[in-house]
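J.: Coordinates in target_5.txt, compact mmCIF, C-alpha atoms, are listed below.
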```txt
# COMPACT_ATOMS: atom_id res chain seq x y z
CA MET N 1 58.94 -86.46 -110.01
CA ARG N 2 61.13 -86.48 -106.93
CA ASP N 3 58.35 -84.66 -105.11
CA LEU N 4 55.89 -87.31 -106.21
CA ILE N 5 58.12 -90.11 -104.97
CA ARG N 6 58.58 -88.37 -101.68
CA TRP N 7 54.85 -87.87 -101.35
CA VAL N 8 54.15 -91.54 -102.09
CA VAL N 9 56.82 -92.67 -99.65
CA THR N 10 56.12 -90.37 -96.73
CA ARG N 11 52.56 -89.05 -97.33
CA LYS N 12 53.60 -86.17 -95.15
CA GLU N 13 51.28 -83.22 -94.99
CA ASN N 14 52.56 -79.88 -96.18
CA THR N 15 53.97 -78.04 -93.22
CA LYS N 16 53.08 -74.57 -94.46
CA ASN N 17 49.45 -75.15 -93.57
CA ALA N 18 50.48 -75.96 -90.02
CA ALA N 19 52.53 -72.75 -89.91
CA ARG N 20 49.68 -70.66 -91.28
CA ASP N 21 47.02 -72.14 -88.99
CA ARG N 22 49.17 -71.84 -85.89
CA LEU N 23 50.00 -68.25 -86.75
CA GLN N 24 46.39 -67.40 -87.36
CA MET N 25 45.52 -68.53 -83.85
CA ALA N 26 48.56 -66.84 -82.29
CA LEU N 27 47.83 -63.53 -84.00
CA MET N 28 44.21 -63.73 -82.89
CA ARG N 29 45.34 -64.24 -79.32
CA ASP N 30 47.89 -61.43 -79.54
CA ARG N 31 45.39 -59.02 -81.01
CA MET N 32 42.87 -59.86 -78.28
CA ASP N 33 45.00 -57.90 -75.85
CA LEU N 34 43.44 -54.57 -76.65
CA SER N 35 45.10 -51.60 -75.02
CA PRO N 36 43.38 -50.15 -71.92
CA ASP N 37 42.73 -46.94 -73.90
CA VAL N 38 40.82 -48.81 -76.57
CA ILE N 39 38.84 -50.82 -74.01
CA ASN N 40 37.86 -47.64 -72.17
CA ALA N 41 36.83 -45.81 -75.31
CA LEU N 42 34.74 -48.81 -76.36
CA LYS N 43 33.03 -48.97 -72.96
CA ILE N 44 32.18 -45.27 -73.01
CA ASP N 45 30.73 -45.47 -76.52
CA LEU N 46 28.71 -48.60 -75.72
CA LEU N 47 27.28 -47.03 -72.57
CA ALA N 48 26.23 -43.97 -74.56
CA VAL N 49 24.46 -46.06 -77.18
CA MET N 50 22.70 -48.27 -74.63
CA SER N 51 21.51 -45.22 -72.69
CA GLN N 52 19.48 -44.17 -75.72
CA TYR N 53 17.32 -47.26 -75.26
CA LEU N 54 17.62 -48.37 -71.64
CA VAL N 55 18.53 -47.12 -68.23
CA VAL N 56 21.66 -49.08 -67.40
CA GLY N 57 24.16 -49.27 -64.57
CA GLU N 58 27.23 -47.06 -64.61
CA GLU N 59 29.70 -49.90 -64.85
CA PHE N 60 29.90 -53.17 -66.74
CA GLN N 61 29.78 -56.23 -64.50
CA GLU N 62 31.93 -58.04 -67.00
CA PHE N 63 33.76 -56.77 -70.04
CA GLY N 64 36.34 -58.56 -72.14
CA ILE N 65 37.38 -60.17 -75.38
CA ARG N 66 37.13 -63.96 -75.10
CA ARG N 67 37.91 -66.78 -77.40
CA LEU N 68 35.74 -69.80 -77.89
CA ASP N 69 37.20 -72.40 -80.24
CA GLU N 70 38.08 -70.51 -83.39
CA SER N 71 35.96 -67.42 -82.84
CA VAL N 72 36.44 -64.30 -80.78
CA PHE N 73 33.63 -62.75 -78.77
CA LEU N 74 33.10 -59.55 -76.92
CA VAL N 75 31.53 -60.65 -73.66
CA SER N 76 29.92 -58.00 -71.51
CA ASN N 77 27.30 -57.82 -68.81
CA ILE N 78 25.59 -54.76 -67.53
CA ARG N 79 22.67 -54.29 -65.16
CA VAL N 80 19.51 -52.87 -66.69
CA LYS N 81 17.85 -50.60 -64.15
CA GLU N 82 14.76 -49.65 -66.14
CA LEU N 83 13.10 -51.13 -69.17
CA PRO N 84 10.98 -48.91 -71.39
CA ARG N 85 7.34 -49.79 -71.96
CA ALA N 86 6.63 -51.48 -75.22
CA THR N 87 5.54 -48.88 -77.77
CA THR N 88 4.78 -51.29 -80.59
CA ASN N 89 3.30 -54.73 -80.71
CA MET U 1 63.66 -30.07 -101.73
CA THR U 2 61.54 -32.10 -99.34
CA GLY U 3 62.74 -35.64 -98.99
CA ARG U 4 60.85 -38.71 -97.87
CA THR U 5 61.85 -40.24 -94.56
CA ILE U 6 61.26 -43.99 -94.52
CA VAL U 7 61.93 -46.36 -91.62
CA ILE U 8 62.88 -49.99 -92.29
CA THR U 9 61.70 -52.10 -89.39
CA SER U 10 60.72 -55.66 -88.44
CA GLY U 11 60.38 -56.33 -84.74
CA LYS U 12 62.36 -59.55 -84.87
CA GLY U 13 66.11 -59.40 -85.33
CA GLY U 14 68.06 -61.13 -88.05
CA VAL U 15 65.47 -60.92 -90.81
CA GLY U 16 67.54 -58.61 -93.02
CA LYS U 17 66.65 -55.02 -92.12
CA THR U 18 70.19 -53.75 -92.44
CA THR U 19 70.88 -55.53 -95.73
CA THR U 20 67.56 -54.25 -97.05
CA THR U 21 68.36 -50.68 -96.01
CA ALA U 22 71.80 -50.83 -97.65
CA ASN U 23 70.42 -52.19 -100.90
CA ILE U 24 67.37 -49.95 -101.17
CA GLY U 25 69.56 -46.94 -100.35
CA THR U 26 72.05 -47.94 -103.02
CA GLY U 27 69.25 -48.69 -105.48
CA LEU U 28 67.66 -45.27 -105.02
CA ALA U 29 71.07 -43.59 -105.36
CA MET U 30 71.73 -45.56 -108.57
CA ARG U 31 68.51 -44.06 -109.88
CA GLY U 32 70.07 -40.64 -109.42
CA HIS U 33 68.63 -39.64 -106.08
CA HIS U 34 70.41 -38.05 -103.15
CA VAL U 35 70.12 -40.56 -100.34
CA VAL U 36 71.19 -40.74 -96.71
CA VAL U 37 70.93 -43.95 -94.69
CA ILE U 38 70.95 -43.78 -90.90
CA ASP U 39 71.89 -46.63 -88.57
CA THR U 40 69.88 -46.17 -85.37
CA ASP U 41 71.04 -49.41 -83.75
CA ILE U 42 73.14 -47.61 -81.15
CA GLY U 43 75.50 -50.04 -79.43
CA LEU U 44 75.16 -52.70 -82.14
CA ARG U 45 75.98 -50.91 -85.36
CA ASN U 46 76.18 -52.89 -88.59
CA LEU U 47 75.04 -50.82 -91.53
CA ASP U 48 78.62 -49.53 -91.89
CA ILE U 49 80.14 -53.00 -92.27
CA VAL U 50 77.40 -54.22 -94.61
CA MET U 51 78.14 -51.23 -96.86
CA GLY U 52 81.91 -51.67 -96.56
CA LEU U 53 82.42 -48.30 -94.85
CA GLU U 54 83.51 -49.53 -91.43
CA ASN U 55 87.03 -48.13 -91.73
CA ARG U 56 85.91 -44.60 -92.53
CA ILE U 57 83.95 -43.79 -89.40
CA VAL U 58 85.08 -40.70 -87.54
CA TYR U 59 81.87 -39.30 -86.09
CA ASP U 60 78.49 -40.93 -85.57
CA LEU U 61 74.78 -40.31 -85.06
CA VAL U 62 75.16 -39.41 -81.39
CA ASP U 63 77.97 -36.95 -82.17
CA ILE U 64 75.70 -35.19 -84.66
CA ILE U 65 72.76 -35.09 -82.26
CA GLU U 66 74.89 -33.88 -79.36
CA GLY U 67 76.45 -31.22 -81.58
CA LYS U 68 79.97 -32.60 -81.30
CA CYS U 69 80.38 -32.39 -85.05
CA LYS U 70 78.65 -30.76 -87.99
CA MET U 71 76.06 -32.81 -89.83
CA HIS U 72 78.30 -33.20 -92.87
CA GLN U 73 81.27 -34.35 -90.80
CA GLY U 74 79.16 -37.19 -89.47
CA MET U 75 78.16 -38.45 -92.92
CA ILE U 76 80.30 -40.97 -94.79
CA ARG U 77 80.08 -41.01 -98.55
CA ASP U 78 79.52 -44.27 -100.39
CA LYS U 79 82.62 -45.88 -101.96
CA ASN U 80 81.27 -45.69 -105.49
CA LYS U 81 80.78 -41.95 -105.32
CA LEU U 82 77.04 -42.16 -105.64
CA GLU U 83 75.08 -39.42 -103.91
CA LEU U 84 74.71 -41.86 -101.03
CA PHE U 85 75.72 -41.10 -97.45
CA LEU U 86 75.78 -43.10 -94.23
CA ILE U 87 75.28 -41.81 -90.71
CA PRO U 88 76.65 -44.64 -88.55
CA ALA U 89 75.36 -45.53 -85.09
CA ALA U 90 77.51 -44.90 -82.02
CA GLN U 91 79.01 -48.14 -80.80
CA THR U 92 79.83 -47.34 -77.18
CA ARG U 93 76.61 -45.66 -76.13
CA ASP U 94 73.06 -46.95 -75.67
CA LYS U 95 69.62 -46.33 -77.12
CA ASN U 96 68.59 -43.99 -74.32
CA CYS U 97 71.16 -41.35 -75.18
CA ILE U 98 68.94 -39.94 -77.93
CA ASN U 99 65.21 -39.29 -78.03
CA PRO U 100 62.44 -39.14 -80.65
CA GLU U 101 62.36 -35.34 -80.68
CA GLN U 102 66.07 -35.16 -81.55
CA MET U 103 65.54 -37.66 -84.38
CA ARG U 104 62.68 -35.57 -85.75
CA GLU U 105 64.82 -32.42 -85.68
CA MET U 106 67.75 -34.09 -87.41
CA CYS U 107 65.63 -35.73 -90.10
CA ALA U 108 63.79 -32.48 -90.81
CA LYS U 109 67.18 -30.95 -91.65
CA LEU U 110 68.20 -33.93 -93.77
CA GLU U 111 64.93 -33.83 -95.71
CA ARG U 112 65.91 -30.38 -96.98
CA GLU U 113 69.06 -31.81 -98.55
CA PHE U 114 68.15 -35.33 -99.57
CA ASP U 115 65.45 -37.00 -101.67
CA TYR U 116 65.39 -40.02 -99.39
CA VAL U 117 66.24 -40.41 -95.71
CA LEU U 118 66.26 -44.15 -94.87
CA ILE U 119 66.30 -45.19 -91.24
CA ASP U 120 67.57 -48.64 -90.30
CA CYS U 121 65.64 -49.55 -87.15
CA PRO U 122 67.04 -51.80 -84.41
CA ALA U 123 65.29 -55.05 -83.48
CA GLY U 124 62.82 -54.89 -80.62
CA ILE U 125 60.07 -52.46 -79.71
CA GLU U 126 61.78 -50.44 -76.99
CA GLN U 127 63.49 -47.04 -76.99
CA GLY U 128 65.57 -47.70 -80.11
CA PHE U 129 62.44 -48.56 -82.07
CA LYS U 130 60.68 -45.46 -80.81
CA ASN U 131 63.61 -43.25 -81.82
CA ALA U 132 63.81 -44.86 -85.25
CA ILE U 133 60.15 -44.47 -86.18
CA ALA U 134 59.66 -40.98 -84.71
CA ALA U 135 60.77 -39.04 -87.77
CA ALA U 136 59.41 -41.34 -90.46
CA GLN U 137 56.50 -40.55 -92.74
CA GLU U 138 56.47 -44.06 -94.20
CA ALA U 139 57.39 -47.51 -92.95
CA ILE U 140 58.71 -50.61 -94.66
CA LEU U 141 58.32 -53.86 -92.77
CA VAL U 142 60.78 -56.69 -93.40
CA THR U 143 59.88 -60.26 -92.55
CA THR U 144 60.94 -63.77 -93.46
CA PRO U 145 58.44 -66.57 -94.15
CA GLU U 146 58.73 -67.90 -90.60
CA VAL U 147 56.15 -67.96 -87.83
CA SER U 148 58.31 -66.00 -85.37
CA ALA U 149 59.15 -63.17 -87.76
CA ILE U 150 55.56 -62.84 -88.97
CA ARG U 151 54.14 -62.78 -85.47
CA ASP U 152 56.55 -60.01 -84.48
CA ALA U 153 55.72 -58.13 -87.68
CA ASP U 154 52.04 -58.18 -86.71
CA ARG U 155 52.87 -56.65 -83.37
CA VAL U 156 54.96 -53.94 -85.01
CA ILE U 157 52.16 -53.06 -87.45
CA GLY U 158 49.99 -52.25 -84.43
CA LEU U 159 52.69 -50.12 -82.84
CA LEU U 160 53.37 -48.25 -86.10
CA GLU U 161 49.65 -47.61 -86.44
CA SER U 162 49.45 -46.09 -82.97
CA GLU U 163 52.30 -43.73 -83.93
CA GLY U 164 50.42 -42.60 -87.01
CA LEU U 165 52.41 -44.70 -89.49
CA HIS U 166 49.56 -46.25 -91.43
CA ARG U 167 49.82 -48.77 -94.23
CA PRO U 168 53.39 -49.99 -93.85
CA ARG U 169 54.50 -51.99 -96.90
CA LEU U 170 55.89 -55.48 -96.58
CA ILE U 171 59.08 -57.02 -97.91
CA ILE U 172 59.26 -60.80 -97.59
CA ASN U 173 62.92 -61.73 -97.41
CA ARG U 174 64.70 -65.05 -97.91
CA ILE U 175 61.93 -66.83 -99.73
CA ARG U 176 62.92 -70.28 -100.92
CA PRO U 177 60.83 -70.94 -104.01
CA GLY U 178 61.51 -74.68 -103.95
CA MET U 179 60.12 -74.99 -100.44
CA VAL U 180 57.12 -72.82 -101.33
CA LYS U 181 56.44 -75.09 -104.30
CA ARG U 182 56.59 -78.18 -102.09
CA GLY U 183 54.19 -76.58 -99.65
CA ASP U 184 56.72 -76.34 -96.86
CA MET U 185 57.00 -72.55 -96.78
CA MET U 186 54.30 -69.91 -96.58
CA ASP U 187 53.94 -67.85 -99.76
CA LYS U 188 53.15 -64.18 -100.26
CA ASP U 189 49.39 -64.76 -100.25
CA ASP U 190 49.49 -66.59 -96.90
CA ILE U 191 51.61 -63.87 -95.34
CA THR U 192 49.83 -60.80 -96.70
CA GLU U 193 46.51 -62.33 -95.72
CA LEU U 194 47.67 -63.00 -92.15
CA LEU U 195 49.13 -59.51 -91.74
CA ALA U 196 46.53 -57.70 -93.85
CA ILE U 197 49.01 -55.30 -95.44
CA ASP U 198 50.27 -54.49 -98.94
CA ILE U 199 53.35 -56.12 -100.32
CA LEU U 200 56.27 -54.08 -101.63
CA GLY U 201 58.47 -56.94 -102.77
CA MET U 202 59.85 -60.42 -102.33
CA VAL U 203 63.52 -61.30 -102.08
CA PRO U 204 64.68 -64.87 -102.65
CA ALA U 205 67.21 -66.55 -100.40
CA ASP U 206 70.43 -66.09 -102.32
CA ASP U 207 73.98 -67.32 -101.74
CA ARG U 208 75.27 -64.42 -103.81
CA LEU U 209 73.94 -61.98 -101.20
CA ILE U 210 76.11 -63.60 -98.54
CA ILE U 211 79.11 -63.46 -100.86
CA ALA U 212 78.49 -59.77 -101.61
CA THR U 213 78.02 -58.92 -97.94
CA ASN U 214 81.28 -60.71 -97.10
CA GLN U 215 82.97 -58.14 -99.30
CA GLY U 216 81.06 -55.12 -98.06
CA VAL U 217 79.33 -54.61 -101.40
CA PRO U 218 75.54 -54.28 -101.64
CA VAL U 219 74.29 -57.24 -103.69
CA ILE U 220 72.32 -54.87 -105.92
CA TYR U 221 75.60 -54.31 -107.83
CA ASP U 222 75.76 -58.03 -108.70
CA LYS U 223 73.99 -58.29 -112.04
CA ARG U 224 73.62 -62.06 -111.72
CA ALA U 225 72.20 -62.08 -108.21
CA PRO U 226 68.45 -62.75 -108.01
CA SER U 227 68.28 -60.95 -104.67
CA GLY U 228 69.99 -57.91 -106.21
CA ALA U 229 67.44 -57.83 -109.00
CA ALA U 230 64.66 -58.05 -106.40
CA PHE U 231 66.10 -55.08 -104.50
CA SER U 232 66.36 -53.06 -107.74
CA ARG U 233 62.69 -53.60 -108.37
CA ILE U 234 61.81 -52.72 -104.79
CA ALA U 235 63.77 -49.47 -105.06
CA ALA U 236 61.95 -48.69 -108.31
CA ARG U 237 58.55 -49.32 -106.67
CA ILE U 238 59.44 -47.04 -103.75
CA ASP U 239 60.38 -44.45 -106.36
CA GLY U 240 56.90 -44.70 -107.87
CA ASP U 241 57.43 -47.12 -110.78
CA ASP U 242 54.58 -49.51 -111.35
CA ILE U 243 56.37 -52.85 -111.57
CA PRO U 244 54.29 -56.00 -111.12
CA LEU U 245 55.35 -58.59 -108.56
CA MET U 246 57.05 -61.57 -110.11
CA ASP U 247 56.43 -65.03 -108.86
CA LEU U 248 59.56 -66.66 -107.60
CA GLU U 249 60.28 -69.87 -109.45
CA PRO U 250 62.83 -72.45 -108.50
CA LYS U 251 65.24 -73.25 -111.27
CA ASN U 252 64.89 -76.93 -111.85
CA GLY U 253 65.85 -77.67 -115.40
CA ILE U 254 68.36 -80.46 -115.85
CA MET U 255 71.14 -78.05 -116.77
CA ASP U 256 70.49 -76.02 -113.63
CA LYS U 257 70.81 -79.11 -111.49
CA VAL U 258 74.08 -79.93 -113.22
CA LYS U 259 75.25 -76.38 -112.61
CA VAL U 260 74.30 -76.58 -108.95
CA ILE U 261 76.19 -79.84 -108.59
CA MET U 262 79.19 -78.32 -110.34
CA GLY U 263 78.99 -75.24 -108.17
CA ILE U 264 78.55 -72.88 -111.10
CA ASN U 265 75.02 -71.82 -110.34
CA ARG U 266 75.43 -70.54 -106.83
CA GLY U 267 72.32 -68.42 -106.95
CA ALA U 268 70.09 -71.38 -107.79
CA TYR U 269 66.99 -69.27 -108.42
CA SER U 270 66.07 -67.38 -111.53
CA HIS U 271 63.44 -64.76 -110.89
CA ALA U 272 62.81 -62.59 -107.91
```
Please express the file's structure as C-alpha cells.

T.:
Amino acid sequence: MRDLIRWVVTRKENTKNAARDRLQMALMRDRMDLSPDVINALKIDLLAVMSQYLVVGEEFQEFGIRRLDESVFLVSNIRVKELPRATTN
Amino acid sequence: MTGRTIVITSGKGGVGKTTTTANIGTGLAMRGHHVVVIDTDIGLRNLDIVMGLENRIVYDLVDIIEGKCKMHQGMIRDKNKLELFLIPAAQTRDKNCINPEQMREMCAKLEREFDYVLIDCPAGIEQGFKNAIAAAQEAILVTTPEVSAIRDADRVIGLLESEGLHRPRLIINRIRPGMVKRGDMMDKDDITELLAIDILGMVPADDRLIIATNQGVPVIYDKRAPSGAAFSRIAARIDGDDIPLMDLEPKNGIMDKVKVIMGINRGAYSHA
C-alpha cells in the first residue's frame, strides 16, 4: 500500500533497471578490450581460413572490436590480391 | 586425504570476502570437516579479528613460507575447538614477499591434512590476488548488488578463467529484499545474467551479522540470524548437498513492523 502511494505520488521509475542497463553497457565495453594474445590468435586463424578461398595480404589493414549503438562488431579490412575464377553459376 | 582448495575473491574491496570466508570455514567445520582458512591479505590482515582470534597470533603466513616456524606453529585453532584453523596474514610485510609457487607448495601440504583449504583473497587484481588464486582448484566470487562490485566481479571472472579457474560460483551478499521488491535493487536473475555464472547463494543484509562480528563470533552461530542461516546453506552446498535457493522475502507483516519499531526484530528479514 505504501509502495502504491509512493508510486502514485512520485511516479519514479525503478532504479534497478537503470543499474542493469548501465552495467550491461559497461561490461560490454570492458569485455571489448580483448587481450593482445587473443587478438593475435584470432588474426592468425582468420588469415588461415581466408587463404583457403582467396589470396590475401599478409596483414590486416584494420582490425578491431567496435561498438555501434548497442551492438558490438568485429571490423576488419584486408587486401585481396587474387580472386578465384567463378566455378559455378 | 586430498582436500579441496577454494579461493574466496571479489575484485572490489568491502563486499564481505573475509566475513564469507570465516563463516563458510566455520560452517564446514561444524559439519565435521577439518578446515584451514588462510588470510592472504598481507599488510591488511582481518580474518583474525573477524574470527575473534586476534590476540592469539604468534606466527603468520610469511613465517610459515619463509620457514621461520613449523606449519603447525603458524596455525591458530578456533575458539570453539572445532577442527578449524587460521593462518593469519603478516601485518608488517607486503604482498610481494611471497609468490604463487610458494602458495602452491604450502597448500599442497595442507591438502594432505585438511578436507578444505579456504583462501581469503585481498581486494584488487595485483600480486596479492595472483598469490591467492595460484593454489586454488575452485573459486567463489563474492559480490554485492551494486554496479561497482558487479563490474569488478566481471573483470575477475576473466582473470580467473585465464588462470584455469573455470566456472567460479557466485555469492550475492547484502541483498535487501525490500529494495529488490520495490525494484530499486538488482536481483539474482539480473546479476547472474549479467555475469553469466552459476549462483552458490544469497546472503541478506543483516544487522545481526554486524553485532556478531563486533564480538568476533561468526554469525553462523547465531540461530536467529538470517545471514547465518544463509551461510549454513552455502557451506552445505559447497559440501555437495543439493539445497534449492530460497527467495529472500522482506518481513512485512504488521507484527514485524511493530517489532522493528520496538527494536526487537533487529534482523528484519525472514528467509535467506

J.: Please check which residues have atoms at most 7 Å from (65.8, -47.6, -106.1) in the file's coordinates, counting only C-alpha atoms, and write them as a short mmCIF file (atom, residue, chain, number, x, y, z; two decimals) with C-alpha atoms, in the frame of the given file.

T.:
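File point.cif, as written:
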```
data_model
loop_
_atom_site.label_atom_id
_atom_site.label_comp_id
_atom_site.auth_asym_id
_atom_site.auth_seq_id
_atom_site.Cartn_x
_atom_site.Cartn_y
_atom_site.Cartn_z
CA ILE U 24 67.37 -49.95 -101.17
CA GLY U 25 69.56 -46.94 -100.35
CA THR U 26 72.05 -47.94 -103.02
CA GLY U 27 69.25 -48.69 -105.48
CA LEU U 28 67.66 -45.27 -105.02
CA ALA U 29 71.07 -43.59 -105.36
CA MET U 30 71.73 -45.56 -108.57
CA ARG U 31 68.51 -44.06 -109.88
CA SER U 232 66.36 -53.06 -107.74
CA ILE U 234 61.81 -52.72 -104.79
CA ALA U 235 63.77 -49.47 -105.06
CA ALA U 236 61.95 -48.69 -108.31
CA ILE U 238 59.44 -47.04 -103.75
CA ASP U 239 60.38 -44.45 -106.36
#
```

J.: Please indicate the distance in Å from CA of Thr213 (chain U) to CA of Glu83 (chain U), rounded to one decimal place.

T.: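 It comes out at 20.6 Å.
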
J.: Within 12 Å of (61.6, -46.4, -81.3), all atoms listed in the file: residues as a count of residues only?

T.: 38

J.: Taking all atoms of region 61-69 of chain N that the file lists and extending 6 Å past them on each side, where is the centre of the axis-aligned box and how long are its edges? Answer in Å to one decimal, as AutoDock Vina command-line options.

T.:
```
--center_x 33.8 --center_y -64.3 --center_z -72.4 --size_x 20.1 --size_y 28.2 --size_z 27.7
```

J.: When you count all atoms listed in the file, which of these residues is closest to chain N: U:Asp115, U:Asp222, U:Asp190, U:Asp198?

T.: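 Nearest candidate to chain N out of U:Asp115, U:Asp222, U:Asp190, U:Asp198: U:Asp190.
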
J.: Define the interface residues of chain U facing chain N as those within 7 Å, counting all atoms listed in the file, and report them as a list of chain:residue names.

T.: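 Only these qualify: U:Val147, U:Arg151, U:Gly183, U:Asp184, U:Met185, U:Met186, U:Asp190, U:Leu194.
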
J.: Please produce a file of those selected residues containing C-alpha atoms, as a PDB file, keeping the file's coordinate frame.

T.:
```pdb
ATOM      1  CA  VAL U 147      56.150 -67.960 -87.830  1.00  0.00           C
ATOM      2  CA  ARG U 151      54.140 -62.780 -85.470  1.00  0.00           C
ATOM      3  CA  GLY U 183      54.190 -76.580 -99.650  1.00  0.00           C
ATOM      4  CA  ASP U 184      56.720 -76.340 -96.860  1.00  0.00           C
ATOM      5  CA  MET U 185      57.000 -72.550 -96.780  1.00  0.00           C
ATOM      6  CA  MET U 186      54.300 -69.910 -96.580  1.00  0.00           C
ATOM      7  CA  ASP U 190      49.490 -66.590 -96.900  1.00  0.00           C
ATOM      8  CA  LEU U 194      47.670 -63.000 -92.150  1.00  0.00           C
TER       9      LEU U 194
END
```

J.: Could you tell me how far CA of Ile150 (chain U) lies from CA of Leu195 (chain U), in Å and to one decimal?

T.: 7.8 Å

J.: If you measure from CA of Ser35 (chain N) to CA of Phe63 (chain N), what distance in Å do you get, rounded to one decimal?

T.: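 Interatomic distance, CA of Ser35 (chain N) to CA of Phe63 (chain N): 13.4 Å.
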
J.: Could you list, as a list in words, every residue within 9 Å of region 36-45 of chain N, counting all atoms listed in the file and ignoring same-chain residues fewer than 2 positions away?

T.: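 Contacts, in chain order: Asp33, Leu34, Leu47, Ala48, Val49, Met50, Glu59, Phe60, Phe63 and Gly64 of chain N.
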
J.: Hey, could you patch up region 204-220 of chain U with N, CA and C atoms and hand it over as an mmCIF file, in the frame of the given file?

T.:
```cif
data_model
loop_
_atom_site.group_PDB
_atom_site.id
_atom_site.type_symbol
_atom_site.label_atom_id
_atom_site.label_comp_id
_atom_site.auth_asym_id
_atom_site.auth_seq_id
_atom_site.Cartn_x
_atom_site.Cartn_y
_atom_site.Cartn_z
ATOM 1 N N PRO U 204 64.373 -63.445 -102.843
ATOM 2 C CA PRO U 204 64.680 -64.870 -102.650
ATOM 3 C C PRO U 204 65.939 -65.064 -101.806
ATOM 4 N N ALA U 205 65.980 -66.158 -101.080
ATOM 5 C CA ALA U 205 67.210 -66.550 -100.400
ATOM 6 C C ALA U 205 68.283 -66.713 -101.468
ATOM 7 N N ASP U 206 69.455 -66.188 -101.232
ATOM 8 C CA ASP U 206 70.430 -66.090 -102.320
ATOM 9 C C ASP U 206 71.846 -66.158 -101.766
ATOM 10 N N ASP U 207 72.581 -67.189 -102.178
ATOM 11 C CA ASP U 207 73.980 -67.320 -101.740
ATOM 12 C C ASP U 207 74.814 -66.111 -102.174
ATOM 13 N N ARG U 208 74.462 -65.535 -103.295
ATOM 14 C CA ARG U 208 75.270 -64.420 -103.810
ATOM 15 C C ARG U 208 75.185 -63.197 -102.895
ATOM 16 N N LEU U 209 74.076 -63.092 -102.150
ATOM 17 C CA LEU U 209 73.940 -61.980 -101.200
ATOM 18 C C LEU U 209 74.969 -62.137 -100.080
ATOM 19 N N ILE U 210 75.141 -63.357 -99.620
ATOM 20 C CA ILE U 210 76.110 -63.600 -98.540
ATOM 21 C C ILE U 210 77.520 -63.298 -99.039
ATOM 22 N N ILE U 211 77.782 -63.696 -100.284
ATOM 23 C CA ILE U 211 79.110 -63.460 -100.860
ATOM 24 C C ILE U 211 79.371 -61.949 -101.005
ATOM 25 N N ALA U 212 78.348 -61.226 -101.457
ATOM 26 C CA ALA U 212 78.490 -59.770 -101.610
ATOM 27 C C ALA U 212 78.705 -59.108 -100.260
ATOM 28 N N THR U 213 77.913 -59.535 -99.271
ATOM 29 C CA THR U 213 78.020 -58.920 -97.940
ATOM 30 C C THR U 213 79.384 -59.215 -97.319
ATOM 31 N N ASN U 214 79.930 -60.401 -97.574
ATOM 32 C CA ASN U 214 81.280 -60.710 -97.100
ATOM 33 C C ASN U 214 82.278 -59.646 -97.542
ATOM 34 N N GLN U 215 82.030 -59.099 -98.720
ATOM 35 C CA GLN U 215 82.970 -58.140 -99.300
ATOM 36 C C GLN U 215 82.576 -56.684 -99.056
ATOM 37 N N GLY U 216 81.501 -56.489 -98.337
ATOM 38 C CA GLY U 216 81.060 -55.120 -98.060
ATOM 39 C C GLY U 216 80.501 -54.421 -99.284
ATOM 40 N N VAL U 217 79.913 -55.180 -100.187
ATOM 41 C CA VAL U 217 79.330 -54.610 -101.400
ATOM 42 C C VAL U 217 77.843 -54.950 -101.421
ATOM 43 N N PRO U 218 76.960 -53.952 -101.533
ATOM 44 C CA PRO U 218 75.540 -54.280 -101.640
ATOM 45 C C PRO U 218 75.286 -55.184 -102.847
ATOM 46 N N VAL U 219 74.483 -56.219 -102.655
ATOM 47 C CA VAL U 219 74.290 -57.240 -103.690
ATOM 48 C C VAL U 219 73.599 -56.677 -104.926
ATOM 49 N N ILE U 220 73.012 -55.509 -104.801
ATOM 50 C CA ILE U 220 72.320 -54.870 -105.920
ATOM 51 C C ILE U 220 73.288 -54.572 -107.081
#
```
